[in-house]
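J.: Here's a structure for you.
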Amino acid sequence: CRGETIGLVGPNGAGKTTTIKMIAKILRPNSGKILISTNHSGLRDLQHVSSTVSQIGFLIDIPNFYNMTGYQLLKYFAKIQRYPKDKIENRIDELLKLFKLSEWKHENVRNYSKGMTQKLGIIQAILHDPEIVILDEPQTGLDPLARIEIRKYIRELQSLGKTIFVASHMLYEISEVCDKIALINYGKIIGFDTVENLALTLKTSELNCLLLKPPEAEKLPLLLNRMVERLNPYLDQNLDPNISKIPIVYNVERQGFKLYFDGKNDSKVEILRILVNDFKSDFAIISFTQPKTTQLERIYSQMVIDNTPEGTIKLTRDDFKDE
């Protein structure tokens, strides 16, 4: 829908970049059609629409720009996008300021860092104020601080009402900025919805409960037994032993419990109420969350495994560890 941010997620070779290049008309589809809603009519075949260059902005994976200054590059892109001549200077300055590149306006792009080059790539994608923005791996090769900045700028685009497609294998980044996720495998969409709705397909759901202080080690086994007994009506009764052999696990490093429950919102409320009231003498809770990123990792791996065609190499859950 207009104004939403859609994440394209899939294994290497799934078809994410190929799909984006077909939308950009860099590649032509072997079969099928890409339909786009134009300003003048309803849905039309992209191959027969000549004005899409002004409606869509692209950041192709790992941009490699001409040997010129950032200003010269952006002015060049503005001209080929037919942006109004009398507005080009103000538009360039506006975006350079937004992305904190004003001081680098007249520096050669060869002197830009990776993060700065990615920012410049996003600027050229939105320079002509397109309705649709497509970003292919916008955080590739960036350090954590630069990733946070790129995430911030994607949210800036969201606030302007842009429709955004983000292709990435970085599941955390996708889960942080996208309204909906499209899971792609072998060139087909195998799932499309919000993370929360896609999570309904999971065989089990989990909660993370972090503690102020760790429980005493000698009392932990008995404590876990008490918790399982008290929370049993809300825990996963058909827990896959490949995921965990017990429904509540204590993580020493994170200083908290992981609980596998039935996935119902009412159950989350009851679990928290019981933990706070019935176990207040055993521990104090500082965080109680259903992790979106972990959910997406498990949705991603489960759907890809379940939808791998016969005759191809079957992936296992181990192939998705440390994604």
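Residue numbering restarts at 1 in every chain; chains get A, B, ... in the order shown in the structure tokens, and ligands count up from 1 in that same order.
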Just list the residues in region 71-124 of chain A DSSP gives alpha helix (DSSP H) on the backbone, as a ChimeraX atom specification.

T.: /A:71-80,88-98,114-124

J.: As a list of chain:residue names, which residues of region 42-121 of chain A does DSSP assign to strand (DSSP E)?

T.: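 Strand (DSSP E) members of region 42-121 of chain A, listed: A:Leu43, A:Arg44, A:Asp45, A:Ile56, A:Gly57, A:Phe58, A:Leu59.
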
J.: Go ahead and dump the residues you just picked, all heavy atoms, as a PDB file, in the first residue's frame.

T.:
```pdb
ATOM      1  N   LEU A  43      -3.409   0.094 -13.056  1.00  0.00           N
ATOM      2  CA  LEU A  43      -2.200  -0.712 -13.159  1.00  0.00           C
ATOM      3  C   LEU A  43      -1.802  -0.919 -14.616  1.00  0.00           C
ATOM      4  O   LEU A  43      -2.633  -1.241 -15.456  1.00  0.00           O
ATOM      5  CB  LEU A  43      -2.419  -2.061 -12.474  1.00  0.00           C
ATOM      6  CG  LEU A  43      -2.602  -2.030 -10.949  1.00  0.00           C
ATOM      7  CD1 LEU A  43      -2.945  -3.413 -10.433  1.00  0.00           C
ATOM      8  CD2 LEU A  43      -1.350  -1.510 -10.261  1.00  0.00           C
ATOM      9  N   ARG A  44      -0.508  -0.737 -14.887  1.00  0.00           N
ATOM     10  CA  ARG A  44       0.009  -0.942 -16.238  1.00  0.00           C
ATOM     11  C   ARG A  44       1.295  -1.745 -16.177  1.00  0.00           C
ATOM     12  O   ARG A  44       2.017  -1.725 -15.187  1.00  0.00           O
ATOM     13  CB  ARG A  44       0.273   0.397 -16.918  1.00  0.00           C
ATOM     14  CG  ARG A  44      -0.986   1.213 -17.224  1.00  0.00           C
ATOM     15  CD  ARG A  44      -0.634   2.478 -17.975  1.00  0.00           C
ATOM     16  NE  ARG A  44       0.022   2.178 -19.241  1.00  0.00           N
ATOM     17  CZ  ARG A  44       0.650   3.102 -20.007  1.00  0.00           C
ATOM     18  NH1 ARG A  44       0.705   4.358 -19.588  1.00  0.00           N
ATOM     19  NH2 ARG A  44       1.208   2.757 -21.142  1.00  0.00           N
ATOM     20  N   ASP A  45       1.568  -2.459 -17.279  1.00  0.00           N
ATOM     21  CA  ASP A  45       2.803  -3.224 -17.395  1.00  0.00           C
ATOM     22  C   ASP A  45       3.985  -2.249 -17.390  1.00  0.00           C
ATOM     23  O   ASP A  45       4.041  -1.314 -18.189  1.00  0.00           O
ATOM     24  CB  ASP A  45       2.786  -4.032 -18.700  1.00  0.00           C
ATOM     25  CG  ASP A  45       3.972  -4.986 -18.799  1.00  0.00           C
ATOM     26  OD1 ASP A  45       4.984  -4.772 -18.108  1.00  0.00           O
ATOM     27  OD2 ASP A  45       3.887  -5.960 -19.571  1.00  0.00           O
ATOM     28  N   ILE A  56       9.997   6.529  -9.369  1.00  0.00           N
ATOM     29  CA  ILE A  56      10.730   5.553  -8.568  1.00  0.00           C
ATOM     30  C   ILE A  56      12.182   5.995  -8.405  1.00  0.00           C
ATOM     31  O   ILE A  56      12.812   6.469  -9.349  1.00  0.00           O
ATOM     32  CB  ILE A  56      10.697   4.155  -9.219  1.00  0.00           C
ATOM     33  CG1 ILE A  56       9.247   3.711  -9.452  1.00  0.00           C
ATOM     34  CG2 ILE A  56      11.421   3.139  -8.349  1.00  0.00           C
ATOM     35  CD1 ILE A  56       9.123   2.376 -10.155  1.00  0.00           C
ATOM     36  N   GLY A  57      12.703   5.827  -7.181  1.00  0.00           N
ATOM     37  CA  GLY A  57      14.107   6.085  -6.915  1.00  0.00           C
ATOM     38  C   GLY A  57      14.785   4.796  -6.499  1.00  0.00           C
ATOM     39  O   GLY A  57      14.198   3.989  -5.772  1.00  0.00           O
ATOM     40  N   PHE A  58      16.027   4.584  -6.957  1.00  0.00           N
ATOM     41  CA  PHE A  58      16.723   3.324  -6.714  1.00  0.00           C
ATOM     42  C   PHE A  58      18.083   3.541  -6.051  1.00  0.00           C
ATOM     43  O   PHE A  58      18.819   4.456  -6.425  1.00  0.00           O
ATOM     44  CB  PHE A  58      16.967   2.573  -8.029  1.00  0.00           C
ATOM     45  CG  PHE A  58      15.730   2.199  -8.774  1.00  0.00           C
ATOM     46  CD1 PHE A  58      15.187   3.039  -9.722  1.00  0.00           C
ATOM     47  CD2 PHE A  58      15.092   0.992  -8.526  1.00  0.00           C
ATOM     48  CE1 PHE A  58      14.045   2.708 -10.413  1.00  0.00           C
ATOM     49  CE2 PHE A  58      13.948   0.652  -9.209  1.00  0.00           C
ATOM     50  CZ  PHE A  58      13.419   1.514 -10.157  1.00  0.00           C
ATOM     51  N   LEU A  59      18.383   2.675  -5.108  1.00  0.00           N
ATOM     52  CA  LEU A  59      19.750   2.530  -4.618  1.00  0.00           C
ATOM     53  C   LEU A  59      20.125   1.079  -4.880  1.00  0.00           C
ATOM     54  O   LEU A  59      19.632   0.165  -4.205  1.00  0.00           O
ATOM     55  CB  LEU A  59      19.868   2.830  -3.122  1.00  0.00           C
ATOM     56  CG  LEU A  59      21.230   2.481  -2.499  1.00  0.00           C
ATOM     57  CD1 LEU A  59      22.331   3.357  -3.088  1.00  0.00           C
ATOM     58  CD2 LEU A  59      21.207   2.625  -0.987  1.00  0.00           C
TER      59      LEU A  59
END
```

J.: Have a look at CA of Thr5 (chain A) and CA of Ile36 (chain A) and let me know their distance in Å, one decimal.

T.: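 These two atoms are separated by 16.4 Å.
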
J.: Near region 72-88 of chain A, within 6 Å and counting only C-alpha atoms, which residues show up once chain neighbours fewer than 3 positions away are dropped, as a PDB file with N, CA, C and O atoms, in the first residue's frame?

T.:
```pdb
ATOM      1  N   THR A  69      32.740  15.320  -7.715  1.00  0.00           N
ATOM      2  CA  THR A  69      32.341  15.712  -6.363  1.00  0.00           C
ATOM      3  C   THR A  69      30.895  15.297  -6.107  1.00  0.00           C
ATOM      4  O   THR A  69      30.130  15.030  -7.050  1.00  0.00           O
ATOM      5  N   ARG A  91      17.330  21.868  -3.581  1.00  0.00           N
ATOM      6  CA  ARG A  91      17.058  20.454  -3.284  1.00  0.00           C
ATOM      7  C   ARG A  91      18.342  19.727  -2.868  1.00  0.00           C
ATOM      8  O   ARG A  91      18.340  18.957  -1.900  1.00  0.00           O
ATOM      9  N   HIS A 128      14.808  13.390  -6.809  1.00  0.00           N
ATOM     10  CA  HIS A 128      13.712  13.874  -7.651  1.00  0.00           C
ATOM     11  C   HIS A 128      12.353  13.698  -6.987  1.00  0.00           C
ATOM     12  O   HIS A 128      11.318  13.803  -7.644  1.00  0.00           O
TER      13      HIS A 128
END
```

J.: Looking at only C-alpha atoms, which of A:Asn90, A:Lys25, A:Glu173, A:Ile246 is the one that sits closest to Asn225 (chain A)?

T.: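 Checking each candidate against Asn225 (chain A), we get A:Ile246 as the closest.
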
J.: Interatomic distance between CA of Val269 (chain A) and CA of Thr194 (chain A)?

T.: 21.5 Å

J.: Quick one: distance from CA of Leu235 (chain A) to CA of Pro247 (chain A) in Å, one decimal?

T.: 6.6 Å

J.: List as a ChimeraX atom specification the protein and nucleic acid residues near Ala167 (chain A), meaning an atom at most 12 Å away when only C-alpha atoms are counted, but skip any in the same chain fewer than 4 places from it.

T.: /A:5-12,14-21,58-61,133-140,171,173-175,177-178,181-184

J.: For a quick check of understanding, using only C-alpha atoms, which of A:Tyr250, A:Lys180, A:Asp262, A:Asn197 has the smallest distance to Gln237 (chain A)?

T.: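 Among A:Tyr250, A:Lys180, A:Asp262, A:Asn197, it is A:Asp262 that comes nearest to Gln237 (chain A).
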
J.: Got a sec: who's within 7 Å of region 278-292 of chain A, counting only C-alpha atoms, leaving out chain neighbours fewer than 5 positions off, as JSON, numbers by chain?

T.: {"A": [175, 206, 207, 208, 209, 210, 211, 212, 213, 215]}
